[in-house]
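Text of the file model00.pdb, holding PDB, C-alpha atoms:
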ATOM      1  CA  MET A   1      31.130 239.488 197.694
ATOM      2  CA  ALA A   2      33.665 236.861 198.704
ATOM      3  CA  LEU A   3      36.055 234.415 197.138
ATOM      4  CA  ILE A   4      35.085 230.755 197.295
ATOM      5  CA  ILE A   5      37.415 227.933 196.383
ATOM      6  CA  ARG A   6      34.744 225.953 194.567
ATOM      7  CA  ASP A   7      36.952 222.927 194.027
ATOM      8  CA  VAL A   8      40.510 221.607 194.047
ATOM      9  CA  LEU A   9      41.148 218.835 191.536
ATOM     10  CA  PRO A  10      44.416 216.868 191.600
ATOM     11  CA  VAL A  11      44.609 215.683 187.987
ATOM     12  CA  GLY A  12      46.817 213.873 185.523
ATOM     13  CA  LEU A  13      49.999 211.860 185.802
ATOM     14  CA  PHE A  14      51.624 214.425 188.108
ATOM     15  CA  GLN A  15      48.501 215.035 190.253
ATOM     16  CA  THR A  16      48.650 218.766 189.602
ATOM     17  CA  ASN A  17      46.155 220.842 191.572
ATOM     18  CA  VAL A  18      43.564 222.637 189.465
ATOM     19  CA  TYR A  19      41.841 225.400 191.425
ATOM     20  CA  ILE A  20      38.370 226.652 190.528
ATOM     21  CA  LEU A  21      37.630 229.950 192.245
ATOM     22  CA  GLU A  22      34.232 231.618 192.391
ATOM     23  CA  ASP A  23      32.777 234.986 193.349
ATOM     24  CA  ASP A  24      29.848 233.927 195.534
ATOM     25  CA  VAL A  25      27.605 236.748 194.274
ATOM     26  CA  THR A  26      28.392 237.220 190.573
ATOM     27  CA  LYS A  27      29.169 233.525 189.859
ATOM     28  CA  GLU A  28      32.184 234.652 187.883
ATOM     29  CA  ALA A  29      35.102 232.256 188.133
ATOM     30  CA  ILE A  30      38.837 231.776 187.687
ATOM     31  CA  VAL A  31      40.635 228.528 186.900
ATOM     32  CA  ILE A  32      44.263 228.191 187.964
ATOM     33  CA  ASP A  33      46.549 225.733 186.133
ATOM     34  CA  PRO A  34      44.171 223.586 184.021
ATOM     35  CA  ALA A  35      46.576 220.678 183.981
ATOM     36  CA  ASP A  36      44.508 217.821 182.571
ATOM     37  CA  GLU A  37      41.075 216.151 182.592
ATOM     38  CA  ALA A  38      39.197 219.036 180.993
ATOM     39  CA  SER A  39      35.872 217.221 181.255
ATOM     40  CA  ARG A  40      36.073 217.163 185.065
ATOM     41  CA  ILE A  41      36.871 220.864 185.185
ATOM     42  CA  LEU A  42      34.092 221.781 182.784
ATOM     43  CA  LYS A  43      31.537 219.659 184.649
ATOM     44  CA  ILE A  44      32.102 221.647 187.826
ATOM     45  CA  ILE A  45      31.907 224.906 185.901
ATOM     46  CA  ASN A  46      28.686 223.902 184.156
ATOM     47  CA  ASP A  47      27.034 222.262 187.171
ATOM     48  CA  ASN A  48      27.558 225.457 189.190
ATOM     49  CA  GLU A  49      26.628 227.763 186.293
ATOM     50  CA  LEU A  50      29.935 229.631 186.500
ATOM     51  CA  THR A  51      31.286 232.149 184.011
ATOM     52  CA  VAL A  52      35.050 231.753 183.724
ATOM     53  CA  LYS A  53      36.744 235.136 183.254
ATOM     54  CA  TYR A  54      40.416 234.186 183.564
ATOM     55  CA  ILE A  55      42.616 231.117 183.253
ATOM     56  CA  LEU A  56      45.751 231.726 185.300
ATOM     57  CA  LEU A  57      48.975 229.848 184.593
ATOM     58  CA  THR A  58      51.506 229.854 187.403
ATOM     59  CA  HIS A  59      54.122 228.751 184.853
ATOM     60  CA  ALA A  60      54.369 226.932 181.537
ATOM     61  CA  HIS A  61      55.518 223.444 182.437
ATOM     62  CA  ILE A  62      53.695 220.652 180.632
ATOM     63  CA  ASP A  63      52.029 219.289 183.782
ATOM     64  CA  HIS A  64      50.116 222.560 184.272
ATOM     65  CA  ILE A  65      48.598 223.209 180.840
ATOM     66  CA  GLY A  66      47.213 219.945 179.442
ATOM     67  CA  ALA A  67      43.556 221.044 179.540
ATOM     68  CA  LEU A  68      44.226 224.672 178.659
ATOM     69  CA  LYS A  69      43.064 224.699 175.041
ATOM     70  CA  GLU A  70      39.839 222.793 175.668
ATOM     71  CA  LEU A  71      39.006 224.980 178.648
ATOM     72  CA  LYS A  72      39.680 228.203 176.753
ATOM     73  CA  ASP A  73      37.731 227.009 173.720
ATOM     74  CA  SER A  74      34.774 226.085 175.929
ATOM     75  CA  THR A  75      34.701 229.195 178.129
ATOM     76  CA  GLY A  76      36.287 232.012 176.112
ATOM     77  CA  ALA A  77      38.256 233.013 179.213
ATOM     78  CA  LYS A  78      41.445 235.080 178.951
ATOM     79  CA  VAL A  79      44.691 233.178 179.526
ATOM     80  CA  LEU A  80      47.442 234.818 181.605
ATOM     81  CA  LEU A  81      51.119 233.800 181.568
ATOM     82  CA  HIS A  82      54.268 235.617 182.629
ATOM     83  CA  LYS A  83      56.281 236.843 179.671
ATOM     84  CA  GLU A  84      59.448 235.049 180.816
ATOM     85  CA  ASP A  85      57.799 231.644 180.363
ATOM     86  CA  VAL A  86      56.697 232.153 176.763
ATOM     87  CA  PHE A  87      59.739 230.228 175.495
ATOM     88  CA  LEU A  88      58.673 227.216 177.567
ATOM     89  CA  TYR A  89      55.146 227.413 176.218
ATOM     90  CA  GLU A  90      56.390 227.650 172.644
ATOM     91  CA  ASN A  91      58.620 224.580 173.064
ATOM     92  CA  MET A  92      56.132 222.193 174.568
ATOM     93  CA  HIS A  93      57.366 219.399 172.279
ATOM     94  CA  LEU A  94      60.723 219.423 174.076
ATOM     95  CA  GLN A  95      59.005 219.056 177.429
ATOM     96  CA  SER A  96      56.789 216.235 176.214
ATOM     97  CA  SER A  97      59.765 214.343 174.786
ATOM     98  CA  LEU A  98      61.583 214.518 178.124
ATOM     99  CA  PHE A  99      58.706 212.883 179.991
ATOM    100  CA  GLY A 100      57.570 210.596 177.189
ATOM    101  CA  LEU A 101      54.223 212.352 176.868
ATOM    102  CA  THR A 102      52.041 213.345 173.942
ATOM    103  CA  ASP A 103      52.303 217.007 172.967
ATOM    104  CA  PRO A 104      49.407 218.910 174.537
ATOM    105  CA  LEU A 105      47.289 221.171 172.372
ATOM    106  CA  VAL A 106      48.180 224.825 172.853
ATOM    107  CA  THR A 107      46.201 227.997 172.388
ATOM    108  CA  ASP A 108      46.731 231.752 172.372
ATOM    109  CA  ILE A 109      47.996 233.528 175.462
ATOM    110  CA  ASP A 110      45.813 236.613 175.864
ATOM    111  CA  LEU A 111      47.800 238.567 178.438
ATOM    112  CA  LEU A 112      51.538 238.474 179.137
ATOM    113  CA  ILE A 113      51.852 239.473 182.759
ATOM    114  CA  GLU A 114      54.519 241.053 184.942
ATOM    115  CA  ASP A 115      55.133 241.463 188.649
ATOM    116  CA  GLY A 116      52.654 243.708 190.446
ATOM    117  CA  MET A 117      49.892 243.648 187.839
ATOM    118  CA  GLU A 118      46.342 243.599 189.207
ATOM    119  CA  PHE A 119      43.293 242.000 187.623
ATOM    120  CA  GLY A 120      39.711 241.154 188.428
ATOM    121  CA  GLN A 121      37.200 242.802 190.672
ATOM    122  CA  ALA A 122      35.114 242.210 193.783
ATOM    123  CA  GLY A 123      35.703 238.699 195.155
ATOM    124  CA  LEU A 124      38.035 237.750 192.313
ATOM    125  CA  LYS A 125      40.481 240.641 192.574
ATOM    126  CA  PHE A 126      44.114 239.479 192.607
ATOM    127  CA  HIS A 127      47.624 240.593 191.829
ATOM    128  CA  VAL A 128      50.691 238.944 190.365
ATOM    129  CA  ILE A 129      53.855 238.169 192.341
ATOM    130  CA  HIS A 130      56.771 237.147 190.137
ATOM    131  CA  THR A 131      58.734 234.366 191.855
ATOM    132  CA  PRO A 132      61.373 233.075 189.419
ATOM    133  CA  GLY A 133      63.413 229.990 190.200
ATOM    134  CA  HIS A 134      61.283 226.970 189.378
ATOM    135  CA  SER A 135      61.020 228.569 185.946
ATOM    136  CA  PRO A 136      61.955 232.080 184.780
ATOM    137  CA  GLY A 137      58.326 233.170 184.641
ATOM    138  CA  SER A 138      56.933 231.397 187.674
ATOM    139  CA  VAL A 139      54.378 233.523 189.480
ATOM    140  CA  CYS A 140      52.150 233.355 192.521
ATOM    141  CA  TYR A 141      48.651 234.814 192.441
ATOM    142  CA  TYR A 142      47.678 236.690 195.581
ATOM    143  CA  PHE A 143      44.059 237.086 196.583
ATOM    144  CA  PRO A 144      43.095 238.517 199.991
ATOM    145  CA  ASP A 145      44.520 236.066 202.554
ATOM    146  CA  LYS A 146      45.219 233.414 199.893
ATOM    147  CA  LEU A 147      48.312 232.699 197.818
ATOM    148  CA  PHE A 148      48.302 230.284 194.891
ATOM    149  CA  SER A 149      51.964 229.402 194.736
ATOM    150  CA  GLY A 150      52.279 227.069 191.748
ATOM    151  CA  ASP A 151      55.484 225.039 192.060
ATOM    152  CA  THR A 152      57.428 227.681 193.981
ATOM    153  CA  LEU A 153      56.367 226.715 197.498
ATOM    154  CA  PHE A 154      54.806 223.472 198.768
ATOM    155  CA  LYS A 155      53.836 222.159 202.156
ATOM    156  CA  ASN A 156      57.188 220.970 203.528
ATOM    157  CA  GLY A 157      58.912 221.599 200.215
ATOM    158  CA  ILE A 158      60.055 224.029 197.571
ATOM    159  CA  GLY A 159      60.081 223.853 193.796
ATOM    160  CA  ARG A 160      62.715 222.002 191.809
ATOM    161  CA  SER A 161      65.132 224.128 189.823
ATOM    162  CA  ASP A 162      66.752 221.609 187.467
ATOM    163  CA  LEU A 163      64.381 222.054 184.497
ATOM    164  CA  TRP A 164      64.734 224.521 181.614
ATOM    165  CA  GLY A 165      65.497 228.007 182.864
ATOM    166  CA  GLY A 166      65.371 226.951 186.504
ATOM    167  CA  SER A 167      67.681 228.570 189.035
ATOM    168  CA  HIS A 168      68.138 227.511 192.638
ATOM    169  CA  GLU A 169      69.629 230.896 193.489
ATOM    170  CA  LEU A 170      66.606 232.737 192.089
ATOM    171  CA  LEU A 171      64.248 230.347 193.872
ATOM    172  CA  VAL A 172      65.925 231.049 197.210
ATOM    173  CA  GLU A 173      65.731 234.774 196.489
ATOM    174  CA  SER A 174      62.030 234.518 195.634
ATOM    175  CA  LEU A 175      61.297 232.683 198.863
ATOM    176  CA  ARG A 176      63.494 234.700 201.189
ATOM    177  CA  GLY A 177      62.924 238.094 199.596
ATOM    178  CA  ILE A 178      59.224 237.856 198.770
ATOM    179  CA  LEU A 179      57.072 234.998 199.978
ATOM    180  CA  LEU A 180      58.471 234.576 203.465
ATOM    181  CA  ASN A 181      57.922 238.276 204.140
ATOM    182  CA  LEU A 182      54.181 237.854 203.706
ATOM    183  CA  ASP A 183      51.877 237.613 206.711
ATOM    184  CA  ASP A 184      52.100 234.289 208.543
ATOM    185  CA  ALA A 185      48.330 233.766 208.394
ATOM    186  CA  ILE A 186      48.156 233.727 204.595
ATOM    187  CA  GLU A 187      46.875 230.411 203.276
ATOM    188  CA  VAL A 188      49.079 228.834 200.591
ATOM    189  CA  TYR A 189      47.618 226.666 197.843
ATOM    190  CA  PRO A 190      50.424 224.968 195.881
ATOM    191  CA  GLY A 191      50.540 223.321 192.491
ATOM    192  CA  HIS A 192      50.886 219.865 194.050
ATOM    193  CA  GLY A 193      49.941 218.487 197.433
ATOM    194  CA  PRO A 194      47.980 219.923 200.366
ATOM    195  CA  SER A 195      47.518 223.531 201.394
ATOM    196  CA  THR A 196      49.520 225.204 204.132
ATOM    197  CA  THR A 197      50.240 228.686 205.517
ATOM    198  CA  ILE A 198      53.185 231.043 205.240
ATOM    199  CA  GLY A 199      53.746 230.804 209.000
ATOM    200  CA  ARG A 200      53.780 227.037 209.019
ATOM    201  CA  GLU A 201      56.348 226.886 206.228
ATOM    202  CA  LYS A 202      58.599 229.413 207.960
ATOM    203  CA  ARG A 203      58.507 227.210 211.033
ATOM    204  CA  ASP A 204      58.438 223.645 209.714
ATOM    205  CA  ASN A 205      59.546 223.461 206.092
ATOM    206  CA  PRO A 206      62.937 221.693 206.241
ATOM    207  CA  PHE A 207      64.146 223.271 203.008
ATOM    208  CA  ILE A 208      63.408 226.731 204.374
ATOM    209  CA  THR A 209      64.578 226.320 207.960
ATOM    210  CA  LYS A 210      67.842 224.704 206.888
ATOM    211  CA  GLU A 211      68.765 226.659 203.797
ATOM    212  CA  MET A 212      67.018 230.005 204.043
ATOM    213  CA  TRP A 213      67.903 230.933 207.561
ATOM    214  CA  TYR A 214      71.109 229.008 208.173
ATOM    215  CA  GLY A 215      72.500 228.477 204.678
TER     216      GLY A 215
END
Can you present the structure in this file as structure tokens?
Amino acid sequence: MALIIRDVLPVGLFQTNVYILEDDVTKEAIVIDPADEASRILKIINDNELTVKYILLTHAHIDHIGALKELKDSTGAKVLLHKEDVFLYENMHLQSSLFGLTDPLVTDIDLLIEDGMEFGQAGLKFHVIHTPGHSPGSVCYYFPDKLFSGDTLFKNGIGRSDLWGGSHELLVESLRGILLNLDDAIEVYPGHGPSTTIGREKRDNPFITKEMWYG
């Protein structure tokens, strides 16, 4: 049994990456950050006859949850969100007003997660790494050799910290104290933009090389 990244869909106004993960034997699946364009996500799920077990939210900003309700209603999958981001999820109208967007439909959060929790089995086994800074409840999801980093770490960038509950100091601590201590070979799949590796970001990311090591 092995993990397959069935598809990566940049969707919506902010081109947020939606990840559809699949166990190649059981055909069970996970969707990470269903940001928008639910019909595209569901077409891939249906065309490949996948059974979605979990919907993982890396955080509760509006550009990561636009298709959440429709996806949950269609699949019955359990939704996971860190407990520190519940206040963001419950105040989606404030986020939408800031960006001039329509309020997205919301749904129940099934599991409030914390650092170190483990879920899934076989090819879809993962654990939660709490990386506050971009938001209080930002998390990364770690699968063997793969890290889905949300808006904490990008290729050649790091997450912004000027939105509700953001903290540059906590973001630096999350990067320096947690993510950059992971193995260099780990593949990183961020919430926006292309994939990278931990080693590449240690070496080339200007925000990390300038601020983390010399700041």
I want to know what sits within 6 Å of segment 147-162 of chain A, based on all atoms listed in the file, with residues of the same chain fewer than 4 positions away left out; could you give that as a list in words?
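Listing them by chain and then by number gives Thr58, His134, Cys140, Tyr141, Tyr142, Gly166, Ser167, His168, Val188, Tyr189, Pro190, Gly191, Thr196 and Asn205 of chain A.
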Excluding same-chain residues fewer than 2 positions from His82 of chain A, what lies within 10 Å of it counting all atoms listed in the file, as a ChimeraX atom specification?
/A:56-60,80,84-86,109,111-115,128,130,136-139
Nearest-residue call for Glu28 of chain A, choices A:Tyr89, A:Phe99, A:Phe14, A:Tyr54, using only C-alpha atoms:
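With only C-alpha atoms as the atom set, the closest residue is A:Tyr54.
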Assuming the chain letters and numbering stay as they are in my file, what does the PyMOL selection byres ((chain A and resi 106) around 9) actually select? List them as number ranges by chain.
A: 65-69, 89-90, 92, 103-105, 107-108
Can you work out which one of A:Pro132, A:Gly199, A:Gly123, A:Pro206 has the shortest atom-to-atom distance to Ala29 of chain A, counting all atoms listed in the file?
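Checking each candidate against Ala29 of chain A, we get A:Gly123 as the closest.
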Give as a list in words the residues that the PyMOL selection byres ((chain A and resi 192) around 7) matches when applied to the coordinates above.
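Applying the expression gives Gln15, Thr16, Asn17, Pro190, Gly191, Gly193 and Pro194 of chain A.
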Include C-alpha atoms and write out the residues we just selected as an mmCIF file, in the frame of the given file.
data_model
loop_
_atom_site.group_PDB
_atom_site.id
_atom_site.type_symbol
_atom_site.label_atom_id
_atom_site.label_comp_id
_atom_site.auth_asym_id
_atom_site.auth_seq_id
_atom_site.Cartn_x
_atom_site.Cartn_y
_atom_site.Cartn_z
ATOM 1 C CA GLN A 15 48.501 215.035 190.253
ATOM 2 C CA THR A 16 48.650 218.766 189.602
ATOM 3 C CA ASN A 17 46.155 220.842 191.572
ATOM 4 C CA PRO A 190 50.424 224.968 195.881
ATOM 5 C CA GLY A 191 50.540 223.321 192.491
ATOM 6 C CA GLY A 193 49.941 218.487 197.433
ATOM 7 C CA PRO A 194 47.980 219.923 200.366
#
Skipping near chain neighbours, those fewer than 3 positions away, what residues fall within 7 Å of Val8 of chain A using all atoms listed in the file, listed as a ChimeraX atom specification?
/A:17-20
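With distances restricted to all atoms listed in the file, A:Thr75 is the closest residue to Asn46 of chain A from A:Asp24, A:Thr75, A:Asp145, A:Glu70.
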Atom CA of Ile55 of chain A and atom CA of Pro34 of chain A are how many Å apart?
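For atom CA of Ile55 of chain A relative to atom CA of Pro34 of chain A, the distance reads 7.7 Å.
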What does the distance from atom CA of Lys53 of chain A to atom CA of Ser135 of chain A come to in Å, to one decimal?
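Pair atom CA of Lys53 of chain A / atom CA of Ser135 of chain A returns 25.3 Å.
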